[in-house]
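Quick look at final.cif (mmCIF, C-alpha atoms):
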data_query
loop_
_atom_site.group_PDB
_atom_site.id
_atom_site.type_symbol
_atom_site.label_atom_id
_atom_site.label_comp_id
_atom_site.auth_asym_id
_atom_site.auth_seq_id
_atom_site.Cartn_x
_atom_site.Cartn_y
_atom_site.Cartn_z
ATOM 1 C CA MET A 1046 16.208 11.449 9.256
ATOM 2 C CA ALA A 1047 13.199 9.391 10.330
ATOM 3 C CA GLU A 1048 12.250 5.902 9.191
ATOM 4 C CA LEU A 1049 13.055 4.999 5.579
ATOM 5 C CA TYR A 1050 10.743 2.710 3.609
ATOM 6 C CA ALA A 1051 11.896 1.079 0.365
ATOM 7 C CA LEU A 1052 9.123 -0.058 -1.977
ATOM 8 C CA GLU A 1053 10.702 -2.012 -4.864
ATOM 9 C CA GLU A 1054 12.550 -4.803 -3.058
ATOM 10 C CA HIS A 1055 12.375 -8.132 -4.826
ATOM 11 C CA PHE A 1056 12.316 -11.817 -3.928
ATOM 12 C CA VAL A 1057 11.616 -15.141 -5.606
ATOM 13 C CA THR A 1058 10.510 -18.555 -4.349
ATOM 14 C CA GLU A 1059 11.703 -22.028 -5.276
ATOM 15 C CA ASP A 1060 8.234 -22.901 -6.584
ATOM 16 C CA VAL A 1061 8.189 -19.891 -8.893
ATOM 17 C CA VAL A 1062 11.720 -20.704 -10.039
ATOM 18 C CA GLY A 1063 10.532 -24.192 -10.938
ATOM 19 C CA ALA A 1064 7.585 -22.838 -12.916
ATOM 20 C CA TRP A 1065 9.818 -20.422 -14.837
ATOM 21 C CA ARG A 1066 12.267 -23.201 -15.734
ATOM 22 C CA ARG A 1067 9.493 -25.456 -16.967
ATOM 23 C CA ARG A 1068 8.176 -22.686 -19.170
ATOM 24 C CA ASP A 1069 11.562 -21.502 -20.461
ATOM 25 C CA PRO A 1070 14.239 -24.175 -19.867
ATOM 26 C CA GLU A 1071 16.854 -22.170 -21.763
ATOM 27 C CA LEU A 1072 16.054 -19.000 -19.800
ATOM 28 C CA ALA A 1073 15.839 -17.032 -23.014
ATOM 29 C CA GLU A 1074 14.156 -14.108 -21.246
ATOM 30 C CA PRO A 1075 17.050 -11.938 -19.993
ATOM 31 C CA MET A 1076 15.570 -11.044 -16.615
ATOM 32 C CA MET A 1077 14.798 -14.660 -15.783
ATOM 33 C CA LYS A 1078 18.370 -15.656 -16.543
ATOM 34 C CA TRP A 1079 19.669 -12.811 -14.402
ATOM 35 C CA ALA A 1080 17.354 -13.747 -11.553
ATOM 36 C CA LEU A 1081 18.095 -17.463 -11.633
ATOM 37 C CA GLU A 1082 21.729 -17.746 -12.712
ATOM 38 C CA SER A 1083 23.675 -14.778 -11.377
ATOM 39 C CA GLU A 1084 25.112 -13.252 -8.243
ATOM 40 C CA VAL A 1085 21.684 -11.893 -7.235
ATOM 41 C CA THR A 1086 20.002 -15.323 -7.057
ATOM 42 C CA PRO A 1087 20.844 -16.094 -3.397
ATOM 43 C CA ALA A 1088 19.660 -12.633 -2.335
ATOM 44 C CA LEU A 1089 16.344 -13.048 -4.180
ATOM 45 C CA LEU A 1090 15.702 -16.330 -2.383
ATOM 46 C CA ASP A 1091 16.603 -14.875 1.038
ATOM 47 C CA LEU A 1092 13.634 -13.726 3.096
ATOM 48 C CA GLY A 1093 15.565 -13.755 6.330
ATOM 49 C CA ASP A 1094 18.592 -12.431 8.145
ATOM 50 C CA GLY A 1095 20.775 -11.855 5.074
ATOM 51 C CA ARG A 1096 18.210 -9.498 3.595
ATOM 52 C CA VAL A 1097 17.805 -7.667 6.895
ATOM 53 C CA ALA A 1098 21.584 -7.243 7.109
ATOM 54 C CA ALA A 1099 21.643 -5.773 3.586
ATOM 55 C CA MET A 1100 18.890 -3.349 4.583
ATOM 56 C CA ASP A 1101 20.837 -2.306 7.647
ATOM 57 C CA ASP A 1102 23.908 -1.723 5.519
ATOM 58 C CA ALA A 1103 21.993 0.501 3.090
ATOM 59 C CA GLY A 1104 20.187 2.393 5.840
ATOM 60 C CA ILE A 1105 16.722 1.028 5.020
ATOM 61 C CA ASP A 1106 14.372 0.451 7.935
ATOM 62 C CA THR A 1107 11.440 -1.274 6.205
ATOM 63 C CA ALA A 1108 11.399 -3.089 2.850
ATOM 64 C CA VAL A 1109 8.140 -3.657 0.979
ATOM 65 C CA LEU A 1110 8.851 -6.990 -0.707
ATOM 66 C CA SER A 1111 7.538 -8.092 -4.098
ATOM 67 C CA LEU A 1112 7.939 -11.097 -6.388
ATOM 68 C CA THR A 1113 10.513 -10.230 -9.020
ATOM 69 C CA THR A 1114 9.627 -9.779 -12.687
ATOM 70 C CA PRO A 1115 8.041 -11.489 -14.606
ATOM 71 C CA GLY A 1116 6.238 -12.720 -11.521
ATOM 72 C CA LEU A 1117 3.405 -15.089 -12.406
ATOM 73 C CA GLN A 1118 2.473 -13.159 -15.526
ATOM 74 C CA ASN A 1119 4.339 -15.274 -18.090
ATOM 75 C CA LEU A 1120 2.705 -18.526 -16.931
ATOM 76 C CA ASP A 1121 -0.483 -20.173 -18.134
ATOM 77 C CA ALA A 1122 -3.548 -19.226 -16.146
ATOM 78 C CA ALA A 1123 -3.914 -22.478 -14.200
ATOM 79 C CA GLU A 1124 -0.319 -22.535 -13.021
ATOM 80 C CA ALA A 1125 -0.353 -18.827 -12.151
ATOM 81 C CA VAL A 1126 -3.513 -19.250 -10.081
ATOM 82 C CA ALA A 1127 -2.056 -22.286 -8.306
ATOM 83 C CA LEU A 1128 1.053 -20.313 -7.337
ATOM 84 C CA GLN A 1129 -0.366 -16.958 -6.280
ATOM 85 C CA GLY A 1130 -1.826 -18.109 -2.965
ATOM 86 C CA PRO A 1131 1.236 -20.034 -1.720
ATOM 87 C CA THR A 1132 3.560 -17.236 -2.852
ATOM 88 C CA ASN A 1133 1.611 -14.644 -0.878
ATOM 89 C CA ASP A 1134 1.339 -16.953 2.122
ATOM 90 C CA LEU A 1135 5.117 -17.319 2.126
ATOM 91 C CA LEU A 1136 5.558 -13.560 1.857
ATOM 92 C CA ALA A 1137 3.119 -12.890 4.683
ATOM 93 C CA ALA A 1138 4.960 -15.400 6.867
ATOM 94 C CA ALA A 1139 8.224 -13.547 6.237
ATOM 95 C CA VAL A 1140 6.539 -10.272 7.213
ATOM 96 C CA ARG A 1141 5.327 -11.863 10.448
ATOM 97 C CA ARG A 1142 8.815 -13.167 11.232
ATOM 98 C CA HIS A 1143 10.313 -9.699 10.804
ATOM 99 C CA PRO A 1144 7.730 -7.226 12.128
ATOM 100 C CA GLY A 1145 8.638 -3.655 11.375
ATOM 101 C CA ARG A 1146 11.300 -4.676 8.853
ATOM 102 C CA PHE A 1147 9.265 -6.298 6.065
ATOM 103 C CA ARG A 1148 5.993 -5.368 4.421
ATOM 104 C CA GLY A 1149 4.652 -6.921 1.219
ATOM 105 C CA PHE A 1150 2.998 -6.411 -2.151
ATOM 106 C CA ALA A 1151 0.923 -9.376 -3.302
ATOM 107 C CA ALA A 1152 1.835 -11.399 -6.400
ATOM 108 C CA LEU A 1153 -1.157 -11.799 -8.710
ATOM 109 C CA ALA A 1154 -2.098 -14.316 -11.396
ATOM 110 C CA THR A 1155 -2.985 -11.707 -14.012
ATOM 111 C CA PRO A 1156 -3.508 -14.397 -16.709
ATOM 112 C CA ALA A 1157 -6.740 -15.056 -14.731
ATOM 113 C CA PRO A 1158 -7.834 -11.533 -13.761
ATOM 114 C CA ALA A 1159 -10.937 -12.453 -11.751
ATOM 115 C CA ALA A 1160 -8.902 -14.897 -9.657
ATOM 116 C CA ALA A 1161 -6.188 -12.257 -9.306
ATOM 117 C CA ALA A 1162 -8.736 -9.750 -7.980
ATOM 118 C CA ASP A 1163 -10.021 -12.312 -5.454
ATOM 119 C CA GLU A 1164 -6.454 -13.021 -4.338
ATOM 120 C CA LEU A 1165 -5.748 -9.320 -3.904
ATOM 121 C CA ARG A 1166 -8.729 -9.070 -1.573
ATOM 122 C CA ARG A 1167 -7.471 -12.084 0.415
ATOM 123 C CA ALA A 1168 -3.869 -10.876 0.492
ATOM 124 C CA VAL A 1169 -4.852 -7.462 1.825
ATOM 125 C CA GLY A 1170 -7.779 -8.438 4.031
ATOM 126 C CA GLU A 1171 -6.508 -11.713 5.517
ATOM 127 C CA LEU A 1172 -2.731 -11.648 5.107
ATOM 128 C CA GLY A 1173 -2.177 -7.962 5.817
ATOM 129 C CA LEU A 1174 -0.238 -7.178 2.634
ATOM 130 C CA ASP A 1175 -0.193 -3.609 1.374
ATOM 131 C CA GLY A 1176 -1.468 -3.884 -2.192
ATOM 132 C CA ALA A 1177 0.085 -5.614 -5.191
ATOM 133 C CA LEU A 1178 2.925 -5.371 -7.660
ATOM 134 C CA VAL A 1179 2.122 -6.157 -11.290
ATOM 135 C CA ASN A 1180 4.352 -6.159 -14.357
ATOM 136 C CA ALA A 1181 3.540 -4.084 -17.430
ATOM 137 C CA ASN A 1182 2.224 -6.877 -19.632
ATOM 138 C CA SER A 1183 0.635 -10.227 -18.979
ATOM 139 C CA GLY A 1184 1.170 -12.895 -21.597
ATOM 140 C CA GLY A 1185 1.798 -10.137 -24.119
ATOM 141 C CA ARG A 1186 -1.362 -8.189 -23.193
ATOM 142 C CA SER A 1187 -0.906 -4.614 -21.962
ATOM 143 C CA LEU A 1188 -2.431 -4.037 -18.537
ATOM 144 C CA ASP A 1189 -4.751 -1.314 -19.813
ATOM 145 C CA ALA A 1190 -6.866 -4.031 -21.496
ATOM 146 C CA PRO A 1191 -10.410 -4.286 -20.079
ATOM 147 C CA GLU A 1192 -9.948 -7.846 -18.815
ATOM 148 C CA PHE A 1193 -7.549 -6.547 -16.141
ATOM 149 C CA TRP A 1194 -9.962 -3.961 -14.774
ATOM 150 C CA ASP A 1195 -11.238 -6.470 -12.176
ATOM 151 C CA VAL A 1196 -7.872 -6.046 -10.457
ATOM 152 C CA TYR A 1197 -8.139 -2.250 -10.456
ATOM 153 C CA GLU A 1198 -11.683 -2.400 -9.142
ATOM 154 C CA ALA A 1199 -10.534 -4.575 -6.236
ATOM 155 C CA ALA A 1200 -7.572 -2.291 -5.528
ATOM 156 C CA GLU A 1201 -9.797 0.791 -5.468
ATOM 157 C CA ASP A 1202 -12.345 -0.915 -3.219
ATOM 158 C CA LEU A 1203 -9.551 -1.840 -0.825
ATOM 159 C CA ARG A 1204 -7.825 1.559 -1.141
ATOM 160 C CA ALA A 1205 -4.685 -0.513 -1.740
ATOM 161 C CA PRO A 1206 -1.920 0.709 -4.089
ATOM 162 C CA VAL A 1207 -0.719 -1.108 -7.193
ATOM 163 C CA TYR A 1208 2.977 -0.907 -8.039
ATOM 164 C CA LEU A 1209 3.432 -1.116 -11.819
ATOM 165 C CA HIS A 1210 6.811 -2.688 -12.572
ATOM 166 C CA PRO A 1211 8.429 -3.030 -16.004
ATOM 167 C CA SER A 1212 8.475 -6.278 -17.907
ATOM 168 C CA VAL A 1213 10.267 -7.374 -21.061
ATOM 169 C CA PRO A 1214 8.532 -5.813 -24.097
ATOM 170 C CA VAL A 1215 6.462 -8.173 -26.218
ATOM 171 C CA ALA A 1216 8.401 -10.348 -28.643
ATOM 172 C CA ALA A 1217 7.598 -8.366 -31.799
ATOM 173 C CA VAL A 1218 8.755 -5.108 -30.206
ATOM 174 C CA THR A 1219 11.869 -6.729 -28.783
ATOM 175 C CA GLU A 1220 12.765 -8.178 -32.169
ATOM 176 C CA ALA A 1221 12.165 -4.911 -34.025
ATOM 177 C CA TYR A 1222 13.907 -2.505 -31.661
ATOM 178 C CA TYR A 1223 16.248 -4.352 -29.319
ATOM 179 C CA ARG A 1224 18.284 -6.742 -31.448
ATOM 180 C CA GLY A 1225 21.481 -6.572 -33.493
ATOM 181 C CA PHE A 1226 24.244 -5.977 -30.956
ATOM 182 C CA GLY A 1227 24.825 -9.434 -29.487
ATOM 183 C CA PRO A 1228 23.173 -11.121 -26.482
ATOM 184 C CA PRO A 1229 24.568 -9.065 -23.583
ATOM 185 C CA VAL A 1230 23.837 -5.693 -25.176
ATOM 186 C CA ASP A 1231 20.531 -6.810 -26.720
ATOM 187 C CA GLY A 1232 19.298 -8.086 -23.372
ATOM 188 C CA MET A 1233 20.216 -4.972 -21.411
ATOM 189 C CA LEU A 1234 18.922 -2.602 -24.107
ATOM 190 C CA ALA A 1235 15.549 -4.374 -24.002
ATOM 191 C CA THR A 1236 15.361 -4.337 -20.202
ATOM 192 C CA GLY A 1237 17.182 -2.309 -17.570
ATOM 193 C CA ALA A 1238 18.988 0.159 -19.828
ATOM 194 C CA PHE A 1239 15.928 1.405 -21.697
ATOM 195 C CA GLY A 1240 13.353 -0.958 -23.184
ATOM 196 C CA TRP A 1241 11.340 -1.969 -20.197
ATOM 197 C CA HIS A 1242 11.194 1.602 -18.811
ATOM 198 C CA TYR A 1243 9.823 2.965 -22.073
ATOM 199 C CA ASP A 1244 7.363 0.045 -22.171
ATOM 200 C CA ALA A 1245 6.155 0.595 -18.597
ATOM 201 C CA GLY A 1246 5.718 4.324 -19.174
ATOM 202 C CA LEU A 1247 3.710 3.625 -22.301
ATOM 203 C CA THR A 1248 1.575 1.173 -20.316
ATOM 204 C CA VAL A 1249 0.677 3.917 -17.841
ATOM 205 C CA LEU A 1250 -0.202 6.300 -20.668
ATOM 206 C CA ARG A 1251 -2.412 3.600 -22.160
ATOM 207 C CA MET A 1252 -4.113 3.113 -18.785
ATOM 208 C CA ILE A 1253 -4.847 6.837 -18.602
ATOM 209 C CA LEU A 1254 -6.099 7.029 -22.188
ATOM 210 C CA ALA A 1255 -8.213 3.888 -21.730
ATOM 211 C CA GLY A 1256 -10.031 5.623 -18.886
ATOM 212 C CA VAL A 1257 -8.804 3.385 -16.050
ATOM 213 C CA PHE A 1258 -8.429 6.321 -13.657
ATOM 214 C CA ASP A 1259 -11.682 7.930 -14.744
ATOM 215 C CA ARG A 1260 -13.489 4.665 -14.016
ATOM 216 C CA PHE A 1261 -11.528 4.134 -10.758
ATOM 217 C CA PRO A 1262 -10.696 7.664 -9.574
ATOM 218 C CA ASP A 1263 -9.375 6.535 -6.187
ATOM 219 C CA LEU A 1264 -6.958 3.971 -7.663
ATOM 220 C CA GLN A 1265 -3.369 4.746 -6.679
ATOM 221 C CA LEU A 1266 -0.533 3.501 -8.895
ATOM 222 C CA ILE A 1267 3.186 3.543 -8.056
ATOM 223 C CA LEU A 1268 5.804 3.830 -10.811
ATOM 224 C CA GLY A 1269 9.496 3.141 -10.270
ATOM 225 C CA HIS A 1270 12.563 4.535 -11.996
ATOM 226 C CA TRP A 1271 11.370 8.142 -11.666
ATOM 227 C CA GLY A 1272 8.130 7.518 -13.546
ATOM 228 C CA GLU A 1273 9.415 5.193 -16.268
ATOM 229 C CA VAL A 1274 10.522 7.839 -18.805
ATOM 230 C CA VAL A 1275 7.058 9.324 -19.323
ATOM 231 C CA LEU A 1276 7.383 11.713 -16.378
ATOM 232 C CA PHE A 1277 10.085 13.579 -18.303
ATOM 233 C CA TYR A 1278 7.919 14.011 -21.406
ATOM 234 C CA LEU A 1279 4.625 15.236 -20.012
ATOM 235 C CA ASP A 1280 4.802 18.625 -21.712
ATOM 236 C CA ARG A 1281 4.834 16.841 -25.072
ATOM 237 C CA VAL A 1282 2.268 14.245 -24.010
ATOM 238 C CA ALA A 1283 -0.096 17.180 -23.436
ATOM 239 C CA ALA A 1284 -0.717 17.117 -27.206
ATOM 240 C CA LEU A 1285 -3.140 14.270 -26.462
ATOM 241 C CA ASP A 1286 -5.366 16.399 -24.275
ATOM 242 C CA ARG A 1287 -7.325 17.965 -27.138
ATOM 243 C CA LEU A 1288 -7.944 14.521 -28.654
ATOM 244 C CA THR A 1289 -9.449 12.785 -25.628
ATOM 245 C CA ASN A 1290 -12.559 13.038 -23.480
ATOM 246 C CA LEU A 1291 -10.768 12.389 -20.203
ATOM 247 C CA ARG A 1292 -11.935 14.165 -17.076
ATOM 248 C CA GLN A 1293 -8.609 15.987 -16.711
ATOM 249 C CA PRO A 1294 -5.381 16.590 -18.651
ATOM 250 C CA VAL A 1295 -3.121 13.542 -18.988
ATOM 251 C CA ALA A 1296 -0.351 15.123 -16.889
ATOM 252 C CA GLU A 1297 -2.758 15.755 -14.032
ATOM 253 C CA TYR A 1298 -3.196 12.031 -13.376
ATOM 254 C CA PHE A 1299 0.452 12.012 -12.306
ATOM 255 C CA ARG A 1300 -0.522 14.389 -9.519
ATOM 256 C CA THR A 1301 -3.755 12.665 -8.466
ATOM 257 C CA ASN A 1302 -3.342 8.925 -9.076
ATOM 258 C CA ILE A 1303 0.355 8.140 -9.527
ATOM 259 C CA PHE A 1304 3.338 8.083 -7.178
ATOM 260 C CA VAL A 1305 6.930 7.737 -8.372
ATOM 261 C CA THR A 1306 10.018 6.179 -6.792
ATOM 262 C CA PRO A 1307 13.692 6.145 -7.810
ATOM 263 C CA GLY A 1308 13.649 2.365 -8.273
ATOM 264 C CA GLY A 1309 17.362 2.275 -7.473
ATOM 265 C CA ILE A 1310 18.376 5.301 -9.558
ATOM 266 C CA SER A 1311 19.836 7.614 -6.921
ATOM 267 C CA SER A 1312 19.964 10.667 -9.167
ATOM 268 C CA PRO A 1313 19.752 14.159 -7.612
ATOM 269 C CA LYS A 1314 18.960 15.487 -11.093
ATOM 270 C CA TYR A 1315 15.966 13.168 -11.511
ATOM 271 C CA LEU A 1316 14.817 13.949 -7.986
ATOM 272 C CA ARG A 1317 14.808 17.679 -8.742
ATOM 273 C CA TRP A 1318 12.828 17.109 -11.938
ATOM 274 C CA SER A 1319 10.292 14.919 -10.145
ATOM 275 C CA LEU A 1320 9.866 17.460 -7.358
ATOM 276 C CA GLU A 1321 9.162 20.167 -9.934
ATOM 277 C CA THR A 1322 6.837 17.951 -11.983
ATOM 278 C CA VAL A 1323 4.701 16.170 -9.373
ATOM 279 C CA GLY A 1324 5.831 17.470 -5.977
ATOM 280 C CA ALA A 1325 7.149 15.768 -2.857
ATOM 281 C CA GLU A 1326 3.629 14.551 -2.064
ATOM 282 C CA ARG A 1327 3.938 12.102 -4.966
ATOM 283 C CA ILE A 1328 7.434 10.691 -4.367
ATOM 284 C CA MET A 1329 8.450 7.680 -2.266
ATOM 285 C CA TYR A 1330 11.694 5.702 -2.047
ATOM 286 C CA ALA A 1331 12.756 2.362 -3.583
ATOM 287 C CA SER A 1332 16.201 0.773 -3.934
ATOM 288 C CA ASP A 1333 15.441 -2.090 -6.404
ATOM 289 C CA TYR A 1334 17.235 -4.655 -4.243
ATOM 290 C CA PRO A 1335 19.018 -6.933 -5.043
ATOM 291 C CA PHE A 1336 19.442 -5.847 -8.666
ATOM 292 C CA ASN A 1337 20.783 -2.553 -7.432
ATOM 293 C CA ARG A 1338 23.125 -3.149 -4.504
ATOM 294 C CA GLU A 1339 23.253 -0.083 -2.293
ATOM 295 C CA ARG A 1340 26.670 0.829 -0.925
ATOM 296 C CA ALA A 1341 27.028 1.175 2.826
ATOM 297 C CA GLY A 1342 24.559 3.784 4.012
ATOM 298 C CA SER A 1343 23.874 4.994 0.487
ATOM 299 C CA ALA A 1344 20.070 4.810 0.545
ATOM 300 C CA ARG A 1345 19.863 7.003 3.597
ATOM 301 C CA ARG A 1346 22.694 9.248 2.451
ATOM 302 C CA PHE A 1347 21.004 9.993 -0.872
ATOM 303 C CA LEU A 1348 17.985 11.466 0.888
ATOM 304 C CA GLU A 1349 19.921 13.075 3.724
ATOM 305 C CA GLU A 1350 22.079 14.983 1.235
ATOM 306 C CA ALA A 1351 19.251 15.893 -1.163
ATOM 307 C CA PRO A 1352 18.263 19.591 -1.201
ATOM 308 C CA LEU A 1353 14.944 18.977 0.534
ATOM 309 C CA SER A 1354 13.097 20.717 3.323
ATOM 310 C CA GLU A 1355 12.669 18.534 6.391
ATOM 311 C CA GLU A 1356 8.953 18.399 5.667
ATOM 312 C CA ASP A 1357 9.533 17.093 2.133
ATOM 313 C CA ARG A 1358 12.210 14.669 3.313
ATOM 314 C CA ASP A 1359 9.769 13.232 5.814
ATOM 315 C CA ARG A 1360 7.126 12.870 3.107
ATOM 316 C CA ILE A 1361 9.458 10.953 0.798
ATOM 317 C CA THR A 1362 11.094 8.718 3.398
ATOM 318 C CA HIS A 1363 7.992 7.622 5.273
ATOM 319 C CA GLY A 1364 5.089 10.071 5.386
ATOM 320 C CA ASN A 1365 3.595 9.424 1.950
ATOM 321 C CA TRP A 1366 3.764 5.656 2.408
ATOM 322 C CA GLU A 1367 2.265 5.762 5.883
ATOM 323 C CA LYS A 1368 -0.571 8.017 4.738
ATOM 324 C CA LEU A 1369 -1.242 5.831 1.688
ATOM 325 C CA THR A 1370 -1.347 2.560 3.620
ATOM 326 C CA ALA A 1371 -3.273 4.011 6.564
ATOM 327 C CA GLY A 1372 -6.276 4.244 4.253
ATOM 328 C CA ILE A 1373 -6.266 0.578 3.224
ATOM 329 C CA ARG A 1374 -9.548 -1.199 3.976
ATOM 330 C CA ARG A 1375 -8.684 -4.547 5.550
#
Could I get this file's structure written as structure tokens?
Amino acid sequence: MAELYALEEHFVTEDVVGAWRRRDPELAEPMMKWALESEVTPALLDLGDGRVAAMDDAGIDTAVLSLTTPGLQNLDAAEAVALQGPTNDLLAAAVRRHPGRFRGFAALATPAPAAAADELRRAVGELGLDGALVNANSGGRSLDAPEFWDVYEAAEDLRAPVYLHPSVPVAAVTEAYYRGFGPPVDGMLATGAFGWHYDAGLTVLRMILAGVFDRFPDLQLILGHWGEVVLFYLDRVAALDRLTNLRQPVAEYFRTNIFVTPGGISSPKYLRWSLETVGAERIMYASDYPFNRERAGSARRFLEEAPLSEEDRDRITHGNWEKLTAGIRR
């Protein structure tokens, strides 16, 4: 099998850690606590040889690094803007130190969308990053809201992809749907087990219905975790088609504007469904490191053992990513 790219590979910086702790000293948000006070914390902070060794162990050739959730999106606008440049500079320096092994998605200060759009242009044009990763809400605002369209306009102009990552659902939703079982279960139910996947999938549907992809038809979005639930419900979602004035059926945007990755869920069953639903041309790979620790060789083995033609395997492991990023305007 040829080169394997992994697209949802997370890091954090000491400066961002400090900002998170100032905002939430008790680390009440489950993902922040996991990121800052667990066994994954050293791996998130490592942008050097330890990360490369973990990639080698999993069989990953190139990792596309991104600031872990919630990124800069839970901070006030001034602090988020102050951090986005240094964070992306640090990431770009790591990419330069490890050519061929690291690539990067920019971190954006979505609480200040115009500044975020300017930073995306700098990160792609000057730093050589390959687009951006954003989380599904910013300060409680869903990313379909018109104030965020500056970011999508910049991404389309640059022909640079945007990876949409889950974030903790807004407080009212979390309280209504993801409480009542005690802190460990509540936290996981609201995040990695279900809540944030449902929330991210709904965010993408809202983006489609809001006309984001009609306004920016060349915008390319990447969704992890096999399309964040919504990919498996498109036949039912089609009920919306007769109620909208979109330029194409809702499901079709998943074949023209949206890529999906496993996001660490190495499921042959989900792979088969995704192949049938959107085709190999719309699938890339992601391991969700370090939250999902791949066993020795497991990333490569998953794709080597999958029932794929060699042409489709090449698309998923490297071809789709290389074609997508070859079109970036720098």
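Between atom CA of A:Thr1248 and atom CA of A:Ser1319 there is a distance of 19.2 Å.
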Atom CA of A:Met1233 to atom CA of A:Glu1071, distance in Å rounded to a single decimal: 17.5 Å
The PyMOL selection byres ((chain A and resi 1056) around 8) - which residues does that actually catch in the file I just gave you? List them as a ChimeraX atom specification. /A:1054-1055,1057-1058,1088-1092,1110-1113
Wanna dump the stretch 1319-1354 of chain A-stretch 1284-1302 of chain A contacts at 9 Å for me, each residue with its shortest atom pair and the distance in Å to one decimal, counting all atoms listed in the file, ordered by chain and number, as a Markdown table?
| residue | atom | partner | partner_atom | distance |
| --- | --- | --- | --- | --- |
| A:Thr1322 | CA | A:Arg1300 | CA | 8.5 |
| A:Val1323 | CA | A:Arg1300 | CA | 5.5 |
| A:Gly1324 | CA | A:Arg1300 | CA | 7.9 |
| A:Glu1326 | CA | A:Arg1300 | CA | 8.5 |
| A:Arg1327 | CA | A:Arg1300 | CA | 6.8 |
Could you expand the PyMOL selection byres ((chain A and resi 1201) around 9) into the explicit residues it covers here, written as an MDAnalysis selection string? chainID A and resid 1196:1200 1202:1206 1261:1265
Which polymer residues have any atom within 12 Å of an atom of A:Thr1132, counting only C-alpha atoms, with same-chain residues fewer than 5 positions away left out, as a VMD selection string? chain A and resid 1056 to 1062 1110 to 1113 1116 to 1117 1125 to 1127 1137 to 1139 1149 to 1154 1164 1168 1172
Serialized selection, C-alpha atoms, as a PDB file, in the frame of the given file:
ATOM      1  CA  PHE A1056      12.316 -11.817  -3.928  1.00  0.00           C
ATOM      2  CA  VAL A1057      11.616 -15.141  -5.606  1.00  0.00           C
ATOM      3  CA  THR A1058      10.510 -18.555  -4.349  1.00  0.00           C
ATOM      4  CA  GLU A1059      11.703 -22.028  -5.276  1.00  0.00           C
ATOM      5  CA  ASP A1060       8.234 -22.901  -6.584  1.00  0.00           C
ATOM      6  CA  VAL A1061       8.189 -19.891  -8.893  1.00  0.00           C
ATOM      7  CA  VAL A1062      11.720 -20.704 -10.039  1.00  0.00           C
ATOM      8  CA  LEU A1110       8.851  -6.990  -0.707  1.00  0.00           C
ATOM      9  CA  SER A1111       7.538  -8.092  -4.098  1.00  0.00           C
ATOM     10  CA  LEU A1112       7.939 -11.097  -6.388  1.00  0.00           C
ATOM     11  CA  THR A1113      10.513 -10.230  -9.020  1.00  0.00           C
ATOM     12  CA  GLY A1116       6.238 -12.720 -11.521  1.00  0.00           C
ATOM     13  CA  LEU A1117       3.405 -15.089 -12.406  1.00  0.00           C
ATOM     14  CA  ALA A1125      -0.353 -18.827 -12.151  1.00  0.00           C
ATOM     15  CA  VAL A1126      -3.513 -19.250 -10.081  1.00  0.00           C
ATOM     16  CA  ALA A1127      -2.056 -22.286  -8.306  1.00  0.00           C
ATOM     17  CA  ALA A1137       3.119 -12.890   4.683  1.00  0.00           C
ATOM     18  CA  ALA A1138       4.960 -15.400   6.867  1.00  0.00           C
ATOM     19  CA  ALA A1139       8.224 -13.547   6.237  1.00  0.00           C
ATOM     20  CA  GLY A1149       4.652  -6.921   1.219  1.00  0.00           C
ATOM     21  CA  PHE A1150       2.998  -6.411  -2.151  1.00  0.00           C
ATOM     22  CA  ALA A1151       0.923  -9.376  -3.302  1.00  0.00           C
ATOM     23  CA  ALA A1152       1.835 -11.399  -6.400  1.00  0.00           C
ATOM     24  CA  LEU A1153      -1.157 -11.799  -8.710  1.00  0.00           C
ATOM     25  CA  ALA A1154      -2.098 -14.316 -11.396  1.00  0.00           C
ATOM     26  CA  GLU A1164      -6.454 -13.021  -4.338  1.00  0.00           C
ATOM     27  CA  ALA A1168      -3.869 -10.876   0.492  1.00  0.00           C
ATOM     28  CA  LEU A1172      -2.731 -11.648   5.107  1.00  0.00           C
TER      29      LEU A1172
END
When you count all atoms listed in the file, which of these residues is closest to A:Leu1052: A:Asp1106, A:Glu1084, A:Asp1231, A:Asp1189?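 Closest to A:Leu1052, using all atoms listed in the file: A:Asp1106.
Proximity ranking of A:Val1275, A:Leu1234, A:Leu1165, A:Leu1128 relative to A:Thr1219 places A:Leu1234 first, based on only C-alpha atoms.
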Once the PyMOL selection byres ((chain A and resi 1251) around 12) has been evaluated on this model, what residues remain selected, and can you format them as a VMD selection string? chain A and resid 1181 to 1182 1186 to 1191 1244 to 1250 1252 to 1258 1275 1282 1285 1295
Close residues, A:Leu1268 itself excluded, 10 Å, only C-alpha atoms, min 4 positions apart in chain, as a list in words: Glu1053, Val1207, Tyr1208, Leu1209, His1210, Pro1211, His1242, Ala1245, Gly1246, Val1249, Gly1272, Glu1273, Leu1276, Phe1299, Ile1303, Phe1304, Val1305, Thr1306, Pro1307, Gly1308, Ile1328 and Met1329 of chain A
Length of the atom CA of A:Val1213 to atom CA of A:Trp1241 vector [Å]: 5.6 Å
Between A:Glu1048, A:Glu1082, A:Glu1171, A:Glu1321, smallest distance to A:His1363 by only C-alpha atoms belongs to A:Glu1048
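Considering the residues A:Val1179, A:Val1140, A:Ala1161, A:Leu1266 and counting all atoms listed in the file, A:Val1109 has its shortest atom-to-atom contact with A:Val1140.
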